[in-house]
$ cat query_39.csv   # CSV, N, CA and C atoms
chain,number,residue,atom,x,y,z
A,1,MET,N,11.4,-1.1,10.8
A,1,MET,CA,11.1,-1.8,9.6
A,1,MET,C,12.2,-2.8,9.3
A,2,ILE,N,11.9,-4.0,8.8
A,2,ILE,CA,12.9,-5.0,8.5
A,2,ILE,C,13.8,-4.6,7.4
A,3,GLU,N,15.1,-4.9,7.5
A,3,GLU,CA,16.0,-4.5,6.4
A,3,GLU,C,15.7,-5.4,5.2
A,4,GLN,N,16.0,-4.8,4.0
A,4,GLN,CA,15.7,-5.4,2.8
A,4,GLN,C,16.4,-6.8,2.7
A,5,LYS,N,17.6,-6.9,3.2
A,5,LYS,CA,18.3,-8.2,3.0
A,5,LYS,C,17.7,-9.3,3.8
A,6,LYS,N,16.9,-9.0,4.8
A,6,LYS,CA,16.3,-10.1,5.6
A,6,LYS,C,14.9,-10.5,5.1
A,7,ARG,N,14.5,-9.8,4.1
A,7,ARG,CA,13.2,-10.1,3.5
A,7,ARG,C,13.2,-11.4,2.7
A,8,GLN,N,12.1,-12.1,2.6
A,8,GLN,CA,12.0,-13.3,1.8
A,8,GLN,C,12.0,-13.0,0.4
A,9,HIS,N,11.3,-11.8,0.0
A,9,HIS,CA,11.1,-11.4,-1.4
A,9,HIS,C,11.6,-9.9,-1.5
A,10,PRO,N,12.2,-9.6,-2.6
A,10,PRO,CA,12.7,-8.2,-2.8
A,10,PRO,C,11.5,-7.2,-2.7
A,11,ARG,N,11.7,-6.1,-2.1
A,11,ARG,CA,10.6,-5.1,-2.0
A,11,ARG,C,11.1,-3.8,-2.7
A,12,CYS,N,10.1,-3.1,-3.3
A,12,CYS,CA,10.3,-1.8,-3.8
A,12,CYS,C,10.0,-0.8,-2.7
A,13,MET,N,11.0,0.1,-2.4
A,13,MET,CA,10.9,1.0,-1.3
A,13,MET,C,10.5,2.4,-1.8
A,14,LYS,N,9.5,2.5,-2.7
A,14,LYS,CA,9.1,3.7,-3.3
A,14,LYS,C,7.7,4.1,-2.8
A,15,ASP,N,7.5,5.3,-2.2
A,15,ASP,CA,6.1,5.7,-1.7
A,15,ASP,C,5.2,5.8,-2.9
A,16,THR,N,4.0,5.3,-2.7
A,16,THR,CA,2.9,5.2,-3.7
A,16,THR,C,1.6,5.5,-3.1
A,17,ALA,N,0.8,6.3,-3.7
A,17,ALA,CA,-0.6,6.5,-3.2
A,17,ALA,C,-1.5,5.3,-3.5
A,18,VAL,N,-2.2,4.8,-2.5
A,18,VAL,CA,-3.2,3.7,-2.7
A,18,VAL,C,-4.4,4.1,-1.9
A,19,ASN,N,-5.5,3.4,-2.3
A,19,ASN,CA,-6.8,3.4,-1.6
A,19,ASN,C,-7.1,2.0,-1.2
A,20,TYR,N,-7.8,1.8,-0.1
A,20,TYR,CA,-8.3,0.5,0.2
A,20,TYR,C,-9.7,0.6,0.7
A,21,HIS,N,-10.4,-0.5,0.6
A,21,HIS,CA,-11.8,-0.5,1.2
A,21,HIS,C,-12.1,-2.0,1.7
A,22,PHE,N,-13.1,-2.0,2.5
A,22,PHE,CA,-13.5,-3.3,3.1
A,22,PHE,C,-14.4,-4.0,2.1
A,23,LEU,N,-14.5,-5.3,2.0
A,23,LEU,CA,-15.4,-6.0,1.2
A,23,LEU,C,-16.8,-5.6,1.4
A,24,ASN,N,-17.6,-5.4,0.4
A,24,ASN,CA,-19.0,-5.0,0.5
A,24,ASN,C,-19.2,-3.6,1.1
A,25,HIS,N,-18.2,-2.8,1.0
A,25,HIS,CA,-18.3,-1.4,1.4
A,25,HIS,C,-17.7,-0.5,0.3
A,26,SER,N,-18.3,0.6,0.0
A,26,SER,CA,-17.8,1.4,-1.1
A,26,SER,C,-16.9,2.6,-0.6
A,27,THR,N,-16.9,2.8,0.7
A,27,THR,CA,-16.1,3.9,1.2
A,27,THR,C,-14.6,3.6,1.0
A,28,GLN,N,-13.9,4.5,0.3
A,28,GLN,CA,-12.5,4.4,0.1
A,28,GLN,C,-11.7,5.1,1.2
A,29,ASN,N,-10.6,4.5,1.6
A,29,ASN,CA,-9.7,5.0,2.6
A,29,ASN,C,-8.3,5.3,1.9
A,30,GLU,N,-7.7,6.4,2.2
A,30,GLU,CA,-6.5,6.7,1.6
A,30,GLU,C,-5.3,6.2,2.4
A,31,ALA,N,-4.2,5.9,1.7
A,31,ALA,CA,-3.0,5.4,2.4
A,31,ALA,C,-1.8,5.6,1.5
A,32,ILE,N,-0.7,5.6,2.1
A,32,ILE,CA,0.6,5.7,1.4
A,32,ILE,C,1.3,4.4,1.6
A,33,ALA,N,1.5,3.7,0.4
A,33,ALA,CA,2.3,2.4,0.4
A,33,ALA,C,3.7,2.8,0.6
A,34,ARG,N,4.4,2.3,1.6
A,34,ARG,CA,5.8,2.7,1.8
A,34,ARG,C,6.7,1.7,1.1
A,35,ASN,N,6.3,0.4,1.0
A,35,ASN,CA,7.0,-0.6,0.3
A,35,ASN,C,6.1,-1.7,-0.1
A,36,TYR,N,6.5,-2.5,-1.1
A,36,TYR,CA,5.6,-3.6,-1.6
A,36,TYR,C,6.5,-4.6,-2.4
A,37,SER,N,5.9,-5.8,-2.5
A,37,SER,CA,6.6,-6.8,-3.2
A,37,SER,C,5.5,-7.5,-4.0
A,38,ARG,N,5.9,-8.6,-4.6
A,38,ARG,CA,5.0,-9.5,-5.4
A,38,ARG,C,3.9,-10.1,-4.5
A,39,PHE,N,4.2,-10.2,-3.2
A,39,PHE,CA,3.3,-10.9,-2.3
A,39,PHE,C,2.7,-10.1,-1.2
A,40,GLY,N,3.0,-8.9,-1.1
A,40,GLY,CA,2.4,-8.1,0.0
A,40,GLY,C,2.8,-6.6,-0.1
A,41,MET,N,2.3,-5.9,0.9
A,41,MET,CA,2.5,-4.4,1.0
A,41,MET,C,2.6,-3.9,2.4
A,42,TYR,N,3.3,-2.9,2.6
A,42,TYR,CA,3.2,-2.2,3.9
A,42,TYR,C,2.8,-0.8,3.6
A,43,PHE,N,1.7,-0.3,4.2
A,43,PHE,CA,1.2,1.0,4.0
A,43,PHE,C,0.9,1.7,5.3
A,44,GLU,N,0.7,3.0,5.3
A,44,GLU,CA,0.4,3.8,6.4
A,44,GLU,C,-0.9,4.6,6.2
A,45,THR,N,-1.7,4.6,7.2
A,45,THR,CA,-3.1,5.2,7.1
A,45,THR,C,-3.5,5.7,8.5
A,46,HIS,N,-4.6,6.5,8.5
A,46,HIS,CA,-5.1,7.0,9.7
A,46,HIS,C,-6.1,6.1,10.4
A,47,ARG,N,-6.3,4.9,9.9
A,47,ARG,CA,-7.3,4.0,10.5
A,47,ARG,C,-6.6,2.7,10.9
A,48,SER,N,-7.0,2.3,12.1
A,48,SER,CA,-6.5,1.0,12.6
A,48,SER,C,-7.2,-0.2,11.9
A,49,LEU,N,-6.5,-1.2,11.6
A,49,LEU,CA,-7.2,-2.4,10.9
A,49,LEU,C,-6.8,-3.6,11.7
A,50,SER,N,-7.7,-4.4,12.1
A,50,SER,CA,-7.5,-5.7,12.8
A,50,SER,C,-6.8,-6.7,12.0
A,51,PRO,N,-5.8,-7.4,12.5
A,51,PRO,CA,-5.2,-8.6,11.8
A,51,PRO,C,-6.3,-9.6,11.4
A,52,GLY,N,-6.2,-10.1,10.2
A,52,GLY,CA,-7.2,-11.0,9.7
A,52,GLY,C,-8.3,-10.3,8.8
A,53,THR,N,-8.4,-9.0,8.9
A,53,THR,CA,-9.3,-8.2,8.0
A,53,THR,C,-8.9,-8.4,6.6
A,54,ILE,N,-9.9,-8.6,5.7
A,54,ILE,CA,-9.7,-8.7,4.3
A,54,ILE,C,-10.1,-7.4,3.7
A,55,ILE,N,-9.2,-6.8,2.9
A,55,ILE,CA,-9.4,-5.5,2.2
A,55,ILE,C,-9.1,-5.7,0.7
A,56,VAL,N,-9.6,-4.7,0.0
A,56,VAL,CA,-9.3,-4.5,-1.4
A,56,VAL,C,-8.4,-3.3,-1.5
A,57,ILE,N,-7.2,-3.5,-2.2
A,57,ILE,CA,-6.3,-2.4,-2.3
A,57,ILE,C,-6.2,-2.0,-3.8
A,58,ARG,N,-6.3,-0.7,-4.0
A,58,ARG,CA,-6.2,-0.2,-5.4
A,58,ARG,C,-5.0,0.8,-5.5
A,59,ASN,N,-4.3,0.6,-6.5
A,59,ASN,CA,-3.1,1.5,-6.8
A,59,ASN,C,-3.6,2.4,-8.0
A,60,TYR,N,-3.4,3.7,-7.8
A,60,TYR,CA,-3.8,4.6,-8.8
A,60,TYR,C,-2.5,5.2,-9.5
A,61,GLY,N,-1.4,4.6,-9.1
A,61,GLY,CA,-0.1,5.1,-9.7
A,61,GLY,C,0.1,6.5,-9.6
A,62,CYS,N,0.3,7.2,-10.7
A,62,CYS,CA,0.5,8.6,-10.7
A,62,CYS,C,-0.7,9.5,-10.7
A,63,LYS,N,-1.9,8.9,-10.8
A,63,LYS,CA,-3.1,9.6,-10.9
A,63,LYS,C,-3.8,9.8,-9.6
A,64,ASP,N,-4.4,10.9,-9.4
A,64,ASP,CA,-5.2,11.1,-8.2
A,64,ASP,C,-6.4,10.2,-8.3
A,65,PRO,N,-6.8,9.4,-7.2
A,65,PRO,CA,-7.9,8.5,-7.3
A,65,PRO,C,-9.2,9.2,-7.5
A,66,VAL,N,-9.4,10.4,-7.0
A,66,VAL,CA,-10.7,11.1,-7.1
A,66,VAL,C,-10.8,11.9,-8.4
A,67,ASP,N,-9.7,12.6,-8.8
A,67,ASP,CA,-9.7,13.4,-10.0
A,67,ASP,C,-8.5,13.1,-10.8
A,68,PRO,N,-8.6,12.2,-11.7
A,68,PRO,CA,-7.4,11.8,-12.5
A,68,PRO,C,-6.7,12.9,-13.3
A,69,ASP,N,-7.5,14.0,-13.5
A,69,ASP,CA,-6.9,15.2,-14.2
A,69,ASP,C,-5.9,16.0,-13.4
A,70,LEU,N,-5.9,15.8,-12.1
A,70,LEU,CA,-5.0,16.6,-11.2
A,70,LEU,C,-3.6,16.1,-11.5
A,71,ALA,N,-2.7,17.0,-11.1
A,71,ALA,CA,-1.2,16.7,-11.3
A,71,ALA,C,-0.8,15.5,-10.4
A,72,PRO,N,0.1,14.7,-10.9
A,72,PRO,CA,0.6,13.6,-10.2
A,72,PRO,C,1.1,13.9,-8.8
A,73,VAL,N,0.8,13.1,-7.8
A,73,VAL,CA,1.2,13.3,-6.4
A,73,VAL,C,2.6,12.7,-6.1
A,74,PHE,N,2.8,11.5,-6.5
A,74,PHE,CA,4.0,10.8,-6.0
A,74,PHE,C,4.9,10.4,-7.1
A,75,CYS,N,4.6,10.9,-8.3
A,75,CYS,CA,5.5,10.5,-9.5
A,75,CYS,C,6.5,11.6,-9.7
A,76,SER,N,7.7,11.2,-10.0
A,76,SER,CA,8.7,12.1,-10.4
A,76,SER,C,9.3,11.6,-11.7
A,77,GLY,N,10.3,12.3,-12.2
A,77,GLY,CA,11.0,11.8,-13.4
A,77,GLY,C,11.7,10.5,-13.2
A,78,ASP,N,11.9,10.2,-11.9
A,78,ASP,CA,12.6,9.0,-11.6
A,78,ASP,C,11.8,7.8,-11.5
A,79,HIS,N,11.5,7.1,-12.5
A,79,HIS,CA,10.7,5.9,-12.4
A,79,HIS,C,11.6,4.7,-12.2
A,80,GLU,N,11.2,3.9,-11.1
A,80,GLU,CA,11.9,2.8,-10.7
A,80,GLU,C,11.8,1.7,-11.8
A,81,THR,N,12.9,1.1,-12.2
A,81,THR,CA,12.9,0.0,-13.2
A,81,THR,C,13.2,-1.3,-12.6
A,82,SER,N,13.5,-1.4,-11.3
A,82,SER,CA,13.8,-2.7,-10.7
A,82,SER,C,12.6,-3.6,-10.8
A,83,LYS,N,12.9,-4.9,-10.8
A,83,LYS,CA,11.9,-5.9,-10.9
A,83,LYS,C,10.9,-5.8,-9.8
A,84,ALA,N,11.3,-5.5,-8.5
A,84,ALA,CA,10.5,-5.4,-7.4
A,84,ALA,C,9.5,-4.2,-7.6
A,85,CYS,N,9.9,-3.1,-8.2
A,85,CYS,CA,9.1,-2.0,-8.3
A,85,CYS,C,8.1,-2.2,-9.5
A,86,GLN,N,8.2,-3.2,-10.3
A,86,GLN,CA,7.3,-3.5,-11.3
A,86,GLN,C,6.2,-4.4,-10.8
A,87,GLU,N,6.2,-4.8,-9.6
A,87,GLU,CA,5.3,-5.8,-9.0
A,87,GLU,C,4.0,-5.1,-8.4
A,88,LEU,N,3.9,-3.8,-8.4
A,88,LEU,CA,2.8,-3.1,-7.8
A,88,LEU,C,1.5,-3.5,-8.6
A,89,LYS,N,0.5,-4.0,-7.8
A,89,LYS,CA,-0.7,-4.4,-8.4
A,89,LYS,C,-1.7,-3.2,-8.5
A,90,THR,N,-2.5,-3.3,-9.6
A,90,THR,CA,-3.5,-2.2,-9.7
A,90,THR,C,-4.7,-2.4,-8.8
A,91,GLN,N,-5.0,-3.7,-8.6
A,91,GLN,CA,-6.1,-4.1,-7.6
A,91,GLN,C,-5.8,-5.4,-7.1
A,92,VAL,N,-6.0,-5.6,-5.8
A,92,VAL,CA,-5.7,-6.9,-5.2
A,92,VAL,C,-6.4,-7.0,-3.9
A,93,PHE,N,-6.8,-8.3,-3.5
A,93,PHE,CA,-7.3,-8.6,-2.2
A,93,PHE,C,-6.1,-8.8,-1.3
A,94,GLY,N,-6.3,-8.4,0.0
A,94,GLY,CA,-5.2,-8.6,0.9
A,94,GLY,C,-5.7,-8.9,2.3
A,95,GLU,N,-4.9,-9.6,3.1
A,95,GLU,CA,-5.3,-9.9,4.5
A,95,GLU,C,-4.3,-9.1,5.4
A,96,VAL,N,-4.9,-8.4,6.3
A,96,VAL,CA,-4.0,-7.6,7.3
A,96,VAL,C,-3.3,-8.6,8.2
A,97,LYS,N,-2.0,-8.5,8.2
A,97,LYS,CA,-1.2,-9.4,9.0
A,97,LYS,C,-0.8,-8.7,10.3
A,98,ARG,N,-0.5,-7.4,10.2
A,98,ARG,CA,0.0,-6.6,11.4
A,98,ARG,C,-0.5,-5.2,11.3
A,99,CYS,N,-0.8,-4.6,12.4
A,99,CYS,CA,-1.2,-3.2,12.5
A,99,CYS,C,-0.6,-2.6,13.8
A,100,GLU,N,0.2,-1.6,13.6
A,100,GLU,CA,0.9,-0.9,14.7
A,100,GLU,C,0.8,0.6,14.6
A,101,MET,N,0.4,1.2,15.7
A,101,MET,CA,0.4,2.7,15.8
A,101,MET,C,1.8,3.2,15.7
A,102,LEU,N,2.1,4.1,14.8
A,102,LEU,CA,3.5,4.6,14.7
A,102,LEU,C,3.7,5.6,15.8
A,103,LYS,N,4.9,5.5,16.4
A,103,LYS,CA,5.3,6.5,17.5
A,103,LYS,C,6.0,7.7,16.9
A,104,GLY,N,5.9,8.8,17.6
A,104,GLY,CA,6.6,10.0,17.2
A,104,GLY,C,5.9,10.7,16.1
A,105,THR,N,4.6,10.5,15.9
A,105,THR,CA,3.9,11.3,14.9
A,105,THR,C,2.9,12.2,15.7
A,106,THR,N,2.5,13.3,15.1
A,106,THR,CA,1.6,14.2,15.7
A,106,THR,C,0.2,13.8,15.6
A,107,LYS,N,-0.1,13.0,14.6
A,107,LYS,CA,-1.5,12.4,14.4
A,107,LYS,C,-1.4,10.9,14.6
A,108,GLU,N,-2.6,10.3,14.8
A,108,GLU,CA,-2.6,8.8,14.8
A,108,GLU,C,-2.4,8.3,13.4
A,109,ILE,N,-1.3,7.6,13.2
A,109,ILE,CA,-1.0,6.9,12.0
A,109,ILE,C,-0.6,5.5,12.3
A,110,TYR,N,-1.2,4.6,11.5
A,110,TYR,CA,-1.0,3.2,11.7
A,110,TYR,C,-0.2,2.6,10.5
A,111,GLY,N,0.8,1.7,10.9
A,111,GLY,CA,1.5,1.0,9.9
A,111,GLY,C,0.8,-0.4,9.7
A,112,ILE,N,0.5,-0.7,8.5
A,112,ILE,CA,-0.3,-1.9,8.2
A,112,ILE,C,0.5,-2.8,7.2
A,113,ALA,N,0.7,-4.1,7.6
A,113,ALA,CA,1.3,-5.1,6.8
A,113,ALA,C,0.2,-6.0,6.2
A,114,VAL,N,0.2,-6.1,4.9
A,114,VAL,CA,-0.8,-6.9,4.2
A,114,VAL,C,-0.1,-8.0,3.3
A,115,ARG,N,-0.7,-9.2,3.3
A,115,ARG,CA,-0.3,-10.2,2.4
A,115,ARG,C,-1.4,-10.4,1.4
A,116,TYR,N,-1.0,-10.4,0.1
A,116,TYR,CA,-2.0,-10.5,-1.0
A,116,TYR,C,-2.6,-11.9,-0.9
A,117,ILE,N,-3.9,-12.0,-1.2
A,117,ILE,CA,-4.5,-13.3,-1.2
A,117,ILE,C,-5.2,-13.7,-2.5
A,118,GLY,N,-5.2,-12.8,-3.4
A,118,GLY,CA,-5.7,-13.2,-4.7
A,118,GLY,C,-6.5,-12.1,-5.4
A,119,PRO,N,-7.1,-12.4,-6.4
A,119,PRO,CA,-6.7,-12.1,-7.8
A,119,PRO,C,-6.0,-10.8,-7.9
A,120,ALA,N,-4.9,-10.8,-8.5
A,120,ALA,CA,-4.1,-9.6,-8.7
A,120,ALA,C,-4.1,-9.2,-10.1
A,121,THR,N,-4.1,-7.9,-10.4
A,121,THR,CA,-4.0,-7.4,-11.8
A,121,THR,C,-2.9,-6.4,-11.8
$ encode --input "query_39.csv" --output "structure tokens"
Amino acid sequence: MIEQKKRQHPRCMKDTAVNYHFLNHSTQNEAIARNYSRFGMYFETHRSLSPGTIIVIRNYGCKDPVDPDLAPVFCSGDHETSKACQELKTQVFGEVKRCEMLKGTTKEIYGIAVRYIGPAT
């Protein structure tokens, strides 16, 4: 992973549960966002995605995406207040820029780099 100081834009390095899906598909895929900025996100998932693929990413924050009444998964009493950590979008279109299978894991896990392409909320 690229060091923070070499990044063009500051990133929040806080794990966050997200879902993504392909345009015109309703099947949701789970992922863990490992870092994000105002312009993009890096997440890990069990599915390989080809560079150039357009996806919709949804952040459910502290809520479980399937059952919002369940206990928070990734939230703790420590809420990040940095400007970078306030840039997490609730829903955004993104283009896959890079996909790499992670080494040293027992299951197939892919690291996906996405650049946001528009409308963000």
$ residues_near_point --input "query_39.csv" --point "(-5.2, -1.7, 8.9)" --cutoff "7 Å" --atoms "all atoms listed in the file" --output "list of chain:residue names"
A:Arg47, A:Ser48, A:Leu49, A:Ser50, A:Pro51, A:Val96, A:Arg98, A:Cys99, A:Tyr110, A:Gly111, A:Ile112, A:Ala113
$ closest_residue --input "query_39.csv" --among "A:Met101, A:Ala33, A:Ile55, A:Val92" --to "Cys12 (chain A)" --atoms "only N, CA and C atoms"
A:Ala33
$ residues_around --input "query_39.csv" --residues "region 18-27 of chain A" --least-positions-apart "3" --cutoff "7 Å" --atoms "only N, CA and C atoms" --output "list in words"
Glu30, Ala31, Ile32, Ala33, Ile54, Ile55, Val56, Ile57, Arg58, Asn59, Tyr60 and Gly61 of chain A
$ atom_distance --input "query_39.csv" --atom1 "atom N of Lys89 (chain A)" --atom2 "CA of Ser37 (chain A)"
8.1 Å
$ atom_distance --input "query_39.csv" --atom1 "CA of Thr90 (chain A)" --atom2 "CA of Glu44 (chain A)"
17.6 Å
$ atom_distance --input "query_39.csv" --atom1 "CA of Arg34 (chain A)" --atom2 "CA of Gly52 (chain A)"
20.5 Å
$ residues_around --input "query_39.csv" --residues "Met13 (chain A)" --least-positions-apart "3" --cutoff "8 Å" --atoms "only C-alpha atoms" --output "VMD selection string"
chain A and resid 34 to 36 85
$ residues_around --input "query_39.csv" --residues "Phe39 (chain A)" --least-positions-apart "3" --cutoff "12 Å" --atoms "only C-alpha atoms" --output "number ranges by chain"
A: 7-12, 35-36, 42, 84, 87-89, 92-95, 113-120
$ write_last_selection --input "query_39.csv" --atoms "N, CA and C atoms" --output "PDB file, in the coordinates of the input"
ATOM      1  N   ARG A   7      14.500  -9.800   4.100  1.00  0.00           N
ATOM      2  CA  ARG A   7      13.200 -10.100   3.500  1.00  0.00           C
ATOM      3  C   ARG A   7      13.200 -11.400   2.700  1.00  0.00           C
ATOM      4  N   GLN A   8      12.100 -12.100   2.600  1.00  0.00           N
ATOM      5  CA  GLN A   8      12.000 -13.300   1.800  1.00  0.00           C
ATOM      6  C   GLN A   8      12.000 -13.000   0.400  1.00  0.00           C
ATOM      7  N   HIS A   9      11.300 -11.800   0.000  1.00  0.00           N
ATOM      8  CA  HIS A   9      11.100 -11.400  -1.400  1.00  0.00           C
ATOM      9  C   HIS A   9      11.600  -9.900  -1.500  1.00  0.00           C
ATOM     10  N   PRO A  10      12.200  -9.600  -2.600  1.00  0.00           N
ATOM     11  CA  PRO A  10      12.700  -8.200  -2.800  1.00  0.00           C
ATOM     12  C   PRO A  10      11.500  -7.200  -2.700  1.00  0.00           C
ATOM     13  N   ARG A  11      11.700  -6.100  -2.100  1.00  0.00           N
ATOM     14  CA  ARG A  11      10.600  -5.100  -2.000  1.00  0.00           C
ATOM     15  C   ARG A  11      11.100  -3.800  -2.700  1.00  0.00           C
ATOM     16  N   CYS A  12      10.100  -3.100  -3.300  1.00  0.00           N
ATOM     17  CA  CYS A  12      10.300  -1.800  -3.800  1.00  0.00           C
ATOM     18  C   CYS A  12      10.000  -0.800  -2.700  1.00  0.00           C
ATOM     19  N   ASN A  35       6.300   0.400   1.000  1.00  0.00           N
ATOM     20  CA  ASN A  35       7.000  -0.600   0.300  1.00  0.00           C
ATOM     21  C   ASN A  35       6.100  -1.700  -0.100  1.00  0.00           C
ATOM     22  N   TYR A  36       6.500  -2.500  -1.100  1.00  0.00           N
ATOM     23  CA  TYR A  36       5.600  -3.600  -1.600  1.00  0.00           C
ATOM     24  C   TYR A  36       6.500  -4.600  -2.400  1.00  0.00           C
ATOM     25  N   TYR A  42       3.300  -2.900   2.600  1.00  0.00           N
ATOM     26  CA  TYR A  42       3.200  -2.200   3.900  1.00  0.00           C
ATOM     27  C   TYR A  42       2.800  -0.800   3.600  1.00  0.00           C
ATOM     28  N   ALA A  84      11.300  -5.500  -8.500  1.00  0.00           N
ATOM     29  CA  ALA A  84      10.500  -5.400  -7.400  1.00  0.00           C
ATOM     30  C   ALA A  84       9.500  -4.200  -7.600  1.00  0.00           C
ATOM     31  N   GLU A  87       6.200  -4.800  -9.600  1.00  0.00           N
ATOM     32  CA  GLU A  87       5.300  -5.800  -9.000  1.00  0.00           C
ATOM     33  C   GLU A  87       4.000  -5.100  -8.400  1.00  0.00           C
ATOM     34  N   LEU A  88       3.900  -3.800  -8.400  1.00  0.00           N
ATOM     35  CA  LEU A  88       2.800  -3.100  -7.800  1.00  0.00           C
ATOM     36  C   LEU A  88       1.500  -3.500  -8.600  1.00  0.00           C
ATOM     37  N   LYS A  89       0.500  -4.000  -7.800  1.00  0.00           N
ATOM     38  CA  LYS A  89      -0.700  -4.400  -8.400  1.00  0.00           C
ATOM     39  C   LYS A  89      -1.700  -3.200  -8.500  1.00  0.00           C
ATOM     40  N   VAL A  92      -6.000  -5.600  -5.800  1.00  0.00           N
ATOM     41  CA  VAL A  92      -5.700  -6.900  -5.200  1.00  0.00           C
ATOM     42  C   VAL A  92      -6.400  -7.000  -3.900  1.00  0.00           C
ATOM     43  N   PHE A  93      -6.800  -8.300  -3.500  1.00  0.00           N
ATOM     44  CA  PHE A  93      -7.300  -8.600  -2.200  1.00  0.00           C
ATOM     45  C   PHE A  93      -6.100  -8.800  -1.300  1.00  0.00           C
ATOM     46  N   GLY A  94      -6.300  -8.400   0.000  1.00  0.00           N
ATOM     47  CA  GLY A  94      -5.200  -8.600   0.900  1.00  0.00           C
ATOM     48  C   GLY A  94      -5.700  -8.900   2.300  1.00  0.00           C
ATOM     49  N   GLU A  95      -4.900  -9.600   3.100  1.00  0.00           N
ATOM     50  CA  GLU A  95      -5.300  -9.900   4.500  1.00  0.00           C
ATOM     51  C   GLU A  95      -4.300  -9.100   5.400  1.00  0.00           C
ATOM     52  N   ALA A 113       0.700  -4.100   7.600  1.00  0.00           N
ATOM     53  CA  ALA A 113       1.300  -5.100   6.800  1.00  0.00           C
ATOM     54  C   ALA A 113       0.200  -6.000   6.200  1.00  0.00           C
ATOM     55  N   VAL A 114       0.200  -6.100   4.900  1.00  0.00           N
ATOM     56  CA  VAL A 114      -0.800  -6.900   4.200  1.00  0.00           C
ATOM     57  C   VAL A 114      -0.100  -8.000   3.300  1.00  0.00           C
ATOM     58  N   ARG A 115      -0.700  -9.200   3.300  1.00  0.00           N
ATOM     59  CA  ARG A 115      -0.300 -10.200   2.400  1.00  0.00           C
ATOM     60  C   ARG A 115      -1.400 -10.400   1.400  1.00  0.00           C
ATOM     61  N   TYR A 116      -1.000 -10.400   0.100  1.00  0.00           N
ATOM     62  CA  TYR A 116      -2.000 -10.500  -1.000  1.00  0.00           C
ATOM     63  C   TYR A 116      -2.600 -11.900  -0.900  1.00  0.00           C
ATOM     64  N   ILE A 117      -3.900 -12.000  -1.200  1.00  0.00           N
ATOM     65  CA  ILE A 117      -4.500 -13.300  -1.200  1.00  0.00           C
ATOM     66  C   ILE A 117      -5.200 -13.700  -2.500  1.00  0.00           C
ATOM     67  N   GLY A 118      -5.200 -12.800  -3.400  1.00  0.00           N
ATOM     68  CA  GLY A 118      -5.700 -13.200  -4.700  1.00  0.00           C
ATOM     69  C   GLY A 118      -6.500 -12.100  -5.400  1.00  0.00           C
ATOM     70  N   PRO A 119      -7.100 -12.400  -6.400  1.00  0.00           N
ATOM     71  CA  PRO A 119      -6.700 -12.100  -7.800  1.00  0.00           C
ATOM     72  C   PRO A 119      -6.000 -10.800  -7.900  1.00  0.00           C
ATOM     73  N   ALA A 120      -4.900 -10.800  -8.500  1.00  0.00           N
ATOM     74  CA  ALA A 120      -4.100  -9.600  -8.700  1.00  0.00           C
ATOM     75  C   ALA A 120      -4.100  -9.200 -10.100  1.00  0.00           C
TER      76      ALA A 120
END
